[in-house]
file model-v3.csv (CSV, C-alpha atoms)
chain,number,residue,atom,x,y,z
Z,1,MET,CA,0.0,0.0,0.0
Z,2,ALA,CA,1.3,3.5,-0.8
Z,3,TYR,CA,1.1,6.1,1.9
Z,4,GLY,CA,0.9,9.8,1.5
Z,5,VAL,CA,4.0,11.9,0.7
Z,6,LEU,CA,4.1,15.5,1.9
Z,7,ILE,CA,6.5,18.2,0.9
Z,8,PRO,CA,6.0,21.4,2.8
Z,9,LYS,CA,7.1,23.9,0.1
Z,10,ALA,CA,6.6,27.0,2.2
Z,11,ILE,CA,5.2,26.7,5.7
Z,12,ALA,CA,5.5,29.2,8.5
Z,13,ALA,CA,6.3,26.4,10.9
Z,14,SER,CA,9.7,26.2,9.3
Z,15,ASN,CA,10.6,29.4,11.1
Z,16,VAL,CA,8.4,29.3,14.2
Z,17,ASP,CA,9.4,26.7,16.7
Z,18,SER,CA,6.1,26.9,18.6
Z,19,TRP,CA,4.2,25.6,15.6
Z,20,VAL,CA,6.1,22.3,15.7
Z,21,ARG,CA,5.2,19.6,18.3
Z,22,PRO,CA,5.9,16.0,19.0
Z,23,ALA,CA,2.8,13.8,18.9
Z,24,ILE,CA,1.7,10.2,19.3
Z,25,CYS,CA,-1.3,8.2,18.3
Z,26,THR,CA,-2.3,5.3,20.4
Z,27,THR,CA,-5.0,3.9,18.1
Z,28,LEU,CA,-3.6,3.6,14.6
Z,29,PRO,CA,-0.6,4.5,12.4
Z,30,VAL,CA,-0.5,8.0,11.0
Z,31,GLU,CA,0.6,9.0,7.5
Z,32,ASN,CA,2.5,12.2,6.7
Z,33,GLY,CA,-0.1,14.8,5.6
Z,34,SER,CA,-2.7,13.5,8.0
Z,35,VAL,CA,-4.5,16.0,10.1
Z,36,PHE,CA,-5.5,15.6,13.7
Z,37,SER,CA,-6.3,17.5,16.9
Z,38,LEU,CA,-3.8,17.9,19.7
Z,39,LEU,CA,-6.0,18.5,22.7
Z,40,THR,CA,-4.1,16.9,25.6
Z,41,LYS,CA,-0.6,15.7,26.3
Z,42,SER,CA,0.3,12.1,26.7
Z,43,ALA,CA,-0.1,10.6,30.1
Z,44,THR,CA,2.7,8.1,29.6
Z,45,THR,CA,5.8,8.5,31.7
Z,46,GLY,CA,8.6,9.9,29.8
Z,47,GLU,CA,6.3,11.7,27.3
Z,48,GLY,CA,5.8,14.9,29.2
Z,49,GLU,CA,6.1,17.0,26.1
Z,50,VAL,CA,4.3,14.7,23.7
Z,51,TRP,CA,0.8,15.4,22.6
Z,52,THR,CA,-1.9,12.8,21.9
Z,53,ALA,CA,-3.2,12.9,18.3
Z,54,LEU,CA,-7.0,12.5,18.0
Z,55,VAL,CA,-9.0,12.2,14.8
Z,56,PRO,CA,-10.7,15.5,13.9
Z,57,ALA,CA,-14.3,15.5,15.1
Z,58,SER,CA,-17.2,17.8,14.6
Z,59,SER,CA,-18.1,17.7,18.2
Z,60,GLY,CA,-16.4,20.5,20.1
Z,61,SER,CA,-15.5,22.2,16.7
Z,62,HIS,CA,-12.4,20.2,16.4
Z,63,LEU,CA,-12.2,20.4,12.7
Z,64,THR,CA,-10.4,23.7,13.2
Z,65,ASP,CA,-7.0,24.2,14.9
Z,66,VAL,CA,-5.8,20.9,13.6
Z,67,TRP,CA,-2.1,19.9,13.1
Z,68,MET,CA,-0.5,17.9,10.3
Z,69,ALA,CA,1.9,15.0,10.5
Z,70,TYR,CA,5.3,15.5,8.9
Z,71,GLU,CA,8.1,13.1,10.0
Z,72,PRO,CA,11.3,12.2,8.1
Z,73,GLU,CA,10.5,9.3,5.9
Z,74,LEU,CA,12.7,6.6,7.4
Z,75,VAL,CA,10.8,3.4,6.5
Z,76,MET,CA,10.6,0.7,9.1
Z,77,THR,CA,11.7,-2.7,7.7
Z,78,GLY,CA,11.2,-5.2,10.6
Z,79,SER,CA,13.2,-3.7,13.4
Z,80,TYR,CA,15.3,-1.5,11.1
Z,81,ARG,CA,14.9,1.9,9.6
Z,82,GLY,CA,16.2,3.4,6.4
Z,83,LEU,CA,16.7,0.1,4.4
Z,84,ASP,CA,13.7,0.9,2.1
Z,85,PRO,CA,14.3,4.1,0.1
Z,86,ASP,CA,10.7,4.3,-1.2
Z,87,VAL,CA,9.1,7.1,0.8
Z,88,ARG,CA,5.6,5.9,-0.2
Z,89,ASN,CA,6.1,3.0,2.2
Z,90,PHE,CA,6.6,5.4,5.2
Z,91,ILE,CA,4.0,5.7,7.9
Z,92,ASN,CA,4.3,6.7,11.6
Z,93,PRO,CA,3.6,3.5,13.6
Z,94,VAL,CA,1.1,3.4,16.3
Z,95,ASN,CA,2.5,4.5,19.7
Z,96,LYS,CA,5.6,6.0,18.1
Z,97,VAL,CA,6.4,9.7,18.6
Z,98,PHE,CA,6.3,11.7,15.4
Z,99,THR,CA,6.5,15.3,14.4
Z,100,ALA,CA,3.5,17.6,13.8
Z,101,PHE,CA,3.3,21.1,12.6
Z,102,LYS,CA,0.5,23.7,12.7
Z,103,PRO,CA,-0.5,24.8,9.2
Z,104,GLN,CA,-0.9,28.6,8.8
Z,105,LEU,CA,-2.8,30.6,6.3
Z,106,HIS,CA,-0.9,30.8,3.0
Z,107,ASP,CA,1.3,27.8,3.7
Z,108,ILE,CA,2.1,26.0,0.4
Z,109,LEU,CA,2.1,22.2,0.5
Z,110,LEU,CA,2.9,19.6,-2.1
Z,111,MET,CA,0.9,16.5,-1.3
Z,112,SER,CA,0.8,13.2,-3.2
Z,113,GLU,CA,-2.6,11.9,-4.2
Z,114,ASP,CA,-2.4,9.3,-1.4
Z,115,CYS,CA,-2.5,12.1,1.2
Z,116,PHE,CA,-6.2,12.7,0.3
Z,117,SER,CA,-9.3,10.7,0.8
Z,118,GLY,CA,-10.4,9.8,-2.6
Z,119,ALA,CA,-9.3,10.9,-6.0
Z,120,TRP,CA,-8.9,14.5,-7.0
Z,121,GLY,CA,-11.6,14.3,-9.7
Z,122,GLY,CA,-10.8,17.4,-11.8
Z,123,VAL,CA,-10.7,21.1,-11.5
Z,124,THR,CA,-14.2,21.4,-10.1
Z,125,ASN,CA,-12.7,20.1,-6.9
Z,126,THR,CA,-11.2,23.4,-5.8
Z,127,HIS,CA,-10.6,22.6,-2.2
Z,128,ALA,CA,-9.8,19.8,0.2
Z,129,ASN,CA,-11.3,20.1,3.7
Z,130,CYS,CA,-11.0,18.5,7.1
Z,131,THR,CA,-14.0,16.4,7.8
Z,132,ASN,CA,-15.5,14.6,10.8
Z,133,ALA,CA,-13.7,11.4,11.7
Z,134,GLY,CA,-11.3,11.8,8.8
Z,135,TRP,CA,-7.5,11.8,9.2
Z,136,GLN,CA,-7.1,12.8,5.5
Z,137,LEU,CA,-8.3,15.9,3.8
Z,138,VAL,CA,-11.3,15.3,1.5
Z,139,TRP,CA,-11.6,16.9,-1.9
Z,140,GLY,CA,-14.7,19.1,-2.5
Z,141,THR,CA,-16.1,21.7,-4.8
Z,142,SER,CA,-15.8,24.5,-2.2
Z,143,GLN,CA,-14.2,25.5,0.9
Z,144,THR,CA,-15.9,24.3,4.0
Z,145,ALA,CA,-16.4,27.1,6.5
Z,146,SER,CA,-14.7,26.9,9.9
Z,147,VAL,CA,-12.5,23.9,9.2
Z,148,LEU,CA,-8.9,23.4,8.0
Z,149,SER,CA,-9.1,23.9,4.3
Z,150,VAL,CA,-6.6,24.0,1.4
Z,151,ALA,CA,-7.2,25.4,-2.0
Z,152,TYR,CA,-6.0,23.5,-5.1
Z,153,LEU,CA,-3.4,25.4,-7.0
Z,154,LYS,CA,-2.1,23.0,-9.6
Z,155,THR,CA,-1.4,19.3,-10.4
Z,156,ASP,CA,2.3,18.6,-9.9
Z,157,TYR,CA,4.5,15.6,-9.3
Z,158,ILE,CA,7.1,14.3,-6.8
Z,159,SER,CA,10.1,12.5,-8.3
Z,160,ILE,CA,10.3,9.1,-6.7
Z,161,ALA,CA,11.7,5.8,-8.1
Z,162,THR,CA,8.4,4.2,-9.0
Z,163,GLY,CA,9.8,1.3,-10.9
Z,164,ALA,CA,8.0,2.3,-14.1
Z,165,MET,CA,9.8,2.2,-17.4
Z,166,ASP,CA,8.9,5.6,-18.7
Z,167,THR,CA,8.4,7.8,-15.7
Z,168,GLN,CA,9.6,8.1,-12.1
Z,169,ARG,CA,7.0,10.7,-11.2
Z,170,LEU,CA,4.2,10.4,-8.7
Z,171,THR,CA,1.2,12.6,-9.1
Z,172,ALA,CA,0.9,15.3,-6.4
Z,173,TYR,CA,-1.1,18.5,-5.9
Z,174,THR,CA,0.2,21.9,-4.9
Z,175,VAL,CA,-2.3,23.4,-2.4
Z,176,GLU,CA,-2.5,26.6,-0.3
Z,177,VAL,CA,-3.9,26.7,3.2
Z,178,VAL,CA,-6.9,29.0,3.1
Z,179,GLY,CA,-8.8,28.1,6.2
Z,180,LEU,CA,-7.7,27.2,9.7
D,1,MET,CA,9.5,62.6,-13.7
D,2,THR,CA,7.2,60.5,-11.5
D,3,VAL,CA,8.3,60.1,-8.0
D,4,HIS,CA,7.6,56.6,-6.7
D,5,GLY,CA,6.7,55.3,-3.3
D,6,ILE,CA,9.3,54.1,-0.8
D,7,LEU,CA,8.7,51.5,1.8
D,8,VAL,CA,10.8,50.7,4.9
D,9,PRO,CA,9.6,47.6,6.7
D,10,ASN,CA,10.6,48.6,10.3
D,11,GLN,CA,9.3,45.5,12.0
D,12,ILE,CA,7.6,42.8,9.9
D,13,ALA,CA,7.0,39.2,10.8
D,14,ALA,CA,7.8,38.2,7.2
D,15,THR,CA,11.4,38.9,8.0
D,16,ASN,CA,11.4,35.7,10.0
D,17,VAL,CA,8.9,33.6,8.2
D,18,ASP,CA,9.9,32.5,4.8
D,19,ALA,CA,6.4,31.3,3.9
D,20,TRP,CA,5.2,34.9,4.1
D,21,ASN,CA,7.5,35.9,1.2
D,22,ARG,CA,6.6,35.2,-2.4
D,23,SER,CA,7.5,36.2,-5.9
D,24,ALA,CA,4.9,37.9,-8.1
D,25,VAL,CA,4.5,39.5,-11.5
D,26,SER,CA,2.0,42.1,-12.6
D,27,ALA,CA,0.7,43.3,-15.9
D,28,THR,CA,1.2,46.8,-14.8
D,29,ALA,CA,4.1,48.6,-13.1
D,30,VAL,CA,4.1,48.6,-9.3
D,31,ASP,CA,5.8,50.6,-6.6
D,32,ASN,CA,7.2,49.4,-3.3
D,33,GLY,CA,4.4,49.8,-0.7
D,34,ASN,CA,1.7,48.9,-3.2
D,35,VAL,CA,-0.7,46.2,-2.1
D,36,VAL,CA,-1.8,43.4,-4.4
D,37,ILE,CA,-4.1,40.4,-4.5
D,38,LEU,CA,-2.6,37.1,-5.8
D,39,SER,CA,-4.8,35.5,-8.4
D,40,THR,CA,-3.1,32.6,-10.2
D,41,TYR,CA,0.0,30.5,-9.3
D,42,GLY,CA,2.7,29.6,-11.8
D,43,ALA,CA,0.7,30.6,-14.8
D,44,ALA,CA,3.6,31.5,-17.1
D,45,THR,CA,6.1,29.0,-18.4
D,46,GLY,CA,9.4,29.2,-16.5
D,47,ASN,CA,7.6,31.0,-13.6
D,48,SER,CA,6.2,28.0,-11.9
D,49,GLU,CA,6.7,29.6,-8.4
D,50,VAL,CA,5.6,33.1,-9.4
D,51,TRP,CA,2.1,34.4,-8.6
D,52,THR,CA,0.1,36.8,-10.7
D,53,ALA,CA,-0.6,40.0,-8.9
D,54,ILE,CA,-3.6,42.1,-9.5
D,55,ALA,CA,-4.9,45.3,-7.9
D,56,PRO,CA,-7.3,45.0,-4.9
D,57,SER,CA,-10.8,45.9,-5.6
D,58,THR,CA,-14.3,45.1,-4.4
D,59,SER,CA,-14.5,42.2,-6.8
D,60,ASN,CA,-10.9,41.0,-6.4
D,61,GLY,CA,-10.9,41.4,-2.7
D,62,LEU,CA,-9.7,44.0,-0.2
D,63,THR,CA,-8.4,41.6,2.4
D,64,GLY,CA,-5.6,39.1,2.4
D,65,VAL,CA,-3.4,41.5,0.5
D,66,TRP,CA,0.4,41.2,-0.1
D,67,MET,CA,2.8,44.2,-0.2
D,68,VAL,CA,5.4,44.9,-2.8
D,69,TYR,CA,8.9,45.2,-1.4
D,70,ASP,CA,11.7,44.8,-3.9
D,71,PRO,CA,15.3,46.0,-3.6
D,72,GLU,CA,15.5,49.6,-5.0
D,73,LEU,CA,17.9,49.0,-7.9
D,74,VAL,CA,16.7,51.7,-10.3
D,75,TRP,CA,16.6,50.9,-14.0
D,76,THR,CA,18.5,53.4,-16.2
D,77,SER,CA,17.8,52.2,-19.8
D,78,SER,CA,19.2,48.7,-19.7
D,79,TYR,CA,21.2,49.1,-16.6
D,80,ARG,CA,20.4,48.8,-12.9
D,81,GLY,CA,22.1,50.5,-10.0
D,82,LEU,CA,23.4,53.6,-11.8
D,83,ASP,CA,20.8,55.9,-10.2
D,84,PRO,CA,21.1,56.1,-6.4
D,85,ASP,CA,17.8,57.9,-5.9
D,86,VAL,CA,15.3,55.3,-4.6
D,87,ARG,CA,12.4,57.6,-5.4
D,88,ASN,CA,13.0,56.7,-9.0
D,89,PHE,CA,12.5,53.0,-8.3
D,90,TYR,CA,9.5,51.0,-9.4
D,91,VAL,CA,9.0,47.5,-10.8
D,92,GLY,CA,8.2,47.4,-14.5
D,93,ALA,CA,5.3,45.5,-15.9
D,94,ASN,CA,5.8,41.8,-16.3
D,95,LYS,CA,9.0,41.8,-14.2
D,96,VAL,CA,9.2,39.4,-11.2
D,97,PHE,CA,9.3,41.2,-7.9
D,98,SER,CA,9.2,40.3,-4.2
D,99,ILE,CA,6.2,40.6,-2.0
D,100,PHE,CA,5.5,39.9,1.7
D,101,HIS,CA,2.3,39.1,3.6
D,102,PRO,CA,1.8,41.8,6.3
D,103,GLN,CA,0.7,40.6,9.7
D,104,ILE,CA,-1.1,42.3,12.5
D,105,HIS,CA,1.3,44.6,14.5
D,106,ASP,CA,3.8,44.9,11.6
D,107,ILE,CA,5.4,48.4,11.6
D,108,ILE,CA,6.0,50.0,8.3
D,109,THR,CA,7.0,53.4,7.0
D,110,LEU,CA,5.8,54.7,3.7
D,111,SER,CA,6.7,57.9,1.8
D,112,THR,CA,4.0,60.4,0.7
D,113,ASN,CA,4.0,59.0,-2.8
D,114,ALA,CA,3.2,55.5,-1.7
D,115,ILE,CA,-0.2,56.6,-0.3
D,116,ALA,CA,-3.4,57.8,-2.1
D,117,THR,CA,-4.6,61.2,-0.9
D,118,GLY,CA,-8.0,60.2,0.4
D,119,THR,CA,-8.8,62.4,3.5
D,120,GLY,CA,-5.3,63.8,3.5
D,121,ALA,CA,-1.9,63.0,5.0
D,122,ALA,CA,-1.7,62.1,8.7
D,123,SER,CA,-5.3,61.0,9.0
D,124,THR,CA,-5.8,58.2,11.5
D,125,HIS,CA,-5.6,55.2,9.1
D,126,ILE,CA,-4.7,54.0,5.6
D,127,ASN,CA,-7.1,51.5,4.1
D,128,CYS,CA,-7.2,49.2,1.1
D,129,THR,CA,-10.1,50.6,-1.0
D,130,ASP,CA,-11.7,49.9,-4.3
D,131,ALA,CA,-11.0,53.4,-5.6
D,132,SER,CA,-7.3,53.6,-4.7
D,133,GLY,CA,-6.2,50.4,-6.5
D,134,LEU,CA,-2.7,49.4,-5.7
D,135,GLN,CA,-2.2,52.1,-3.1
D,136,LEU,CA,-3.5,52.3,0.4
D,137,GLU,CA,-5.6,55.4,0.9
D,138,TRP,CA,-5.7,57.9,3.8
D,139,ALA,CA,-8.9,57.8,5.9
D,140,ASN,CA,-10.3,59.1,9.1
D,141,SER,CA,-11.2,55.7,10.4
D,142,ILE,CA,-10.4,52.0,9.9
D,143,GLY,CA,-12.2,50.5,6.9
D,144,SER,CA,-14.7,47.7,7.4
D,145,SER,CA,-13.4,44.3,6.4
D,146,VAL,CA,-10.4,45.6,4.5
D,147,PHE,CA,-6.7,45.6,5.0
D,148,ALA,CA,-5.8,48.6,7.1
D,149,ALA,CA,-2.9,50.2,9.0
D,150,LYS,CA,-3.0,52.8,11.8
D,151,TYR,CA,-1.1,56.1,11.5
D,152,LEU,CA,1.6,56.3,14.3
D,153,LYS,CA,3.6,59.4,13.5
D,154,THR,CA,5.1,61.6,10.8
D,155,THR,CA,8.8,60.9,10.2
D,156,TYR,CA,11.2,61.1,7.3
D,157,PHE,CA,13.6,59.2,5.1
D,158,SER,CA,17.1,60.5,4.6
D,159,ILE,CA,17.7,60.6,0.9
D,160,GLY,CA,20.0,62.7,-1.3
D,161,THR,CA,17.4,65.2,-2.5
D,162,GLY,CA,19.8,67.8,-3.9
D,163,ALA,CA,18.4,70.4,-1.6
D,164,MET,CA,20.8,72.8,0.1
D,165,ASP,CA,19.3,72.6,3.6
D,166,THR,CA,17.8,69.2,4.1
D,167,GLN,CA,18.2,65.7,2.6
D,168,ARG,CA,14.9,64.5,4.2
D,169,ILE,CA,11.6,63.6,2.6
D,170,VAL,CA,8.4,63.2,4.6
D,171,ALA,CA,7.3,59.7,5.5
D,172,TYR,CA,4.7,58.2,7.7
D,173,GLU,CA,4.9,55.3,10.2
D,174,PHE,CA,2.1,52.8,10.5
D,175,GLU,CA,1.0,49.7,12.4
D,176,VAL,CA,-0.9,47.1,10.6
D,177,VAL,CA,-4.2,46.6,12.4
D,178,ALA,CA,-6.5,44.6,10.0
D,179,LEU,CA,-5.7,42.0,7.4
call {"tool": "encode", "arguments": {"input": "model-v3.csv", "output": "structure tokens"}}
result
Amino acid sequence: MAYGVLIPKAIAASNVDSWVRPAICTTLPVENGSVFSLLTKSATTGEGEVWTALVPASSGSHLTDVWMAYEPELVMTGSYRGLDPDVRNFINPVNKVFTAFKPQLHDILLMSEDCFSGAWGGVTNTHANCTNAGWQLVWGTSQTASVLSVAYLKTDYISIATGAMDTQRLTAYTVEVVGL
Amino acid sequence: MTVHGILVPNQIAATNVDAWNRSAVSATAVDNGNVVILSTYGAATGNSEVWTAIAPSTSNGLTGVWMVYDPELVWTSSYRGLDPDVRNFYVGANKVFSIFHPQIHDIITLSTNAIATGTGAASTHINCTDASGLQLEWANSIGSSVFAAKYLKTTYFSIGTGAMDTQRIVAYEFEVVAL
């Protein structure tokens, strides 16, 4: 299975330390590019600075103020990391600490199609929005009010060794954060 | 000869946040201190990271603006940097220039020529308006749901003006209060 690949082309969190946090998910693995709420810190001993990632939920208006996973793509192969160079195989394992950043308005992201829930579907899908119980952004024909939302800018690619004869490119989308 | 606007970004958050700096191109000439709306991204071949800048308006939007701030290397025919007078600097049409995204509490200083007359110099605010296009416009109050900056004080830029007694030109210091 191919997991999402995220390239943060221009994000404010690159320069603002307080918009970067360590997080952990105790229920399932988290792909880069996934969004989640950080409402409480981990109660586990030794994780005093680690936040618990929760799936975005409509209740409590937790579709806003969400964070995004972005961890260096060192793929786990058995007990080892870094043996597999294909970043599409990277996912943050359950109960492992990973890095999250807080998207800001006008951040520019390059996200592979696997980062999204469902196919893009064409230029009518102008936005991708945070939805209830969804770790991935969902394509839509408009910006959803009062949720994290990104605007589609263009179809692009990420150069990855895909194994194909003719191309080593993976379809990706350049998006701009337009709603927090 | 037209005297162009001068901008000094005294304290802007974009100095420290790379994502709030972008490259843009406009079909019309722009001055430093002009405000623009970004319409399309990477539209021209070879400019895949360059945004198309258009003038703010009611239809294009009066919020979420970006501000022009490019190094003042004046064009003299085909050469740059021969003319030291920054008042002669502007960005020609279809030339790529730098912009930044102002943030609340940014402090900027603009020369007289960078601001549309409106209610007159040293009014309480400068607002982004439909009528003033690329320039912010003097007003006696903050505009509703528009980009705006609050007048702080009258100051000056030290520039070689050629005058016998002073080398200063009038400028105004502002704080960004609405995005």
call {"tool": "closest_atom_pairs", "arguments": {"input": "model-v3.csv", "of": "range 70-117 of chain D", "to": "range 130-134 of chain D", "cutoff": "9 Å", "atoms": "only C-alpha atoms", "output": "CSV"}}
result
residue,atom,partner,partner_atom,distance
D:Ile115,CA,D:Ser132,CA,8.9
D:Ala116,CA,D:Ser132,CA,6.3
D:Thr117,CA,D:Ser132,CA,8.9
call {"tool": "residues_around", "arguments": {"input": "model-v3.csv", "residues": "Pro85 in chain Z", "least_positions_apart": "3", "cutoff": "8 Å", "atoms": "all atoms listed in the file", "output": "list in words"}}
result
Leu74, Val75 and Gly82 of chain Z
call {"tool": "write_last_selection", "arguments": {"input": "model-v3.csv", "atoms": "C-alpha atoms", "output": "short mmCIF file (atom, residue, chain, number, x, y, z; two decimals), in the coordinates of the input"}}
result
data_model
loop_
_atom_site.label_atom_id
_atom_site.label_comp_id
_atom_site.auth_asym_id
_atom_site.auth_seq_id
_atom_site.Cartn_x
_atom_site.Cartn_y
_atom_site.Cartn_z
CA LEU Z 74 12.70 6.60 7.40
CA VAL Z 75 10.80 3.40 6.50
CA GLY Z 82 16.20 3.40 6.40
#
call {"tool": "closest_residue", "arguments": {"input": "model-v3.csv", "among": "Z:Thr131, Z:Ser42, Z:Thr155, Z:Ser142", "to": "chain D", "atoms": "all atoms listed in the file"}}
result
Z:Thr155
call {"tool": "residues_around", "arguments": {"input": "model-v3.csv", "residues": "range 88-96 of chain Z", "least_positions_apart": "2", "cutoff": "7 Å", "atoms": "only C-alpha atoms", "output": "mmCIF file with C-alpha atoms, in the frame of the given file"}}
result
data_model
loop_
_atom_site.group_PDB
_atom_site.id
_atom_site.type_symbol
_atom_site.label_atom_id
_atom_site.label_comp_id
_atom_site.auth_asym_id
_atom_site.auth_seq_id
_atom_site.Cartn_x
_atom_site.Cartn_y
_atom_site.Cartn_z
ATOM 1 C CA ALA Z 2 1.300 3.500 -0.800
ATOM 2 C CA TYR Z 3 1.100 6.100 1.900
ATOM 3 C CA GLY Z 4 0.900 9.800 1.500
ATOM 4 C CA VAL Z 5 4.000 11.900 0.700
ATOM 5 C CA ILE Z 24 1.700 10.200 19.300
ATOM 6 C CA CYS Z 25 -1.300 8.200 18.300
ATOM 7 C CA THR Z 26 -2.300 5.300 20.400
ATOM 8 C CA THR Z 27 -5.000 3.900 18.100
ATOM 9 C CA LEU Z 28 -3.600 3.600 14.600
ATOM 10 C CA PRO Z 29 -0.600 4.500 12.400
ATOM 11 C CA VAL Z 30 -0.500 8.000 11.000
ATOM 12 C CA GLU Z 31 0.600 9.000 7.500
ATOM 13 C CA ASN Z 32 2.500 12.200 6.700
ATOM 14 C CA GLU Z 73 10.500 9.300 5.900
ATOM 15 C CA LEU Z 74 12.700 6.600 7.400
ATOM 16 C CA VAL Z 75 10.800 3.400 6.500
ATOM 17 C CA ASP Z 86 10.700 4.300 -1.200
ATOM 18 C CA PHE Z 98 6.300 11.700 15.400
#
call {"tool": "closest_residue", "arguments": {"input": "model-v3.csv", "among": "D:Phe100, D:Tyr79, D:Phe157, D:Tyr69", "to": "chain Z", "atoms": "all atoms listed in the file"}}
result
D:Phe100
call {"tool": "closest_atom_pairs", "arguments": {"input": "model-v3.csv", "of": "range 48-117 of chain D", "to": "range 159-179 of chain Z", "cutoff": "12 Å", "atoms": "all atoms listed in the file", "output": "tab-separated table"}}
result
residue	atom	partner	partner_atom	distance
D:Ser48	CA	Z:Thr174	CA	11.1
D:Glu49	CA	Z:Thr174	CA	10.7
D:Gly64	CA	Z:Val178	CA	10.2
call {"tool": "closest_residue", "arguments": {"input": "model-v3.csv", "among": "D:Thr52, D:Thr2, D:Thr109, D:Thr63", "to": "Val96 in chain D", "atoms": "all atoms listed in the file"}}
result
D:Thr52
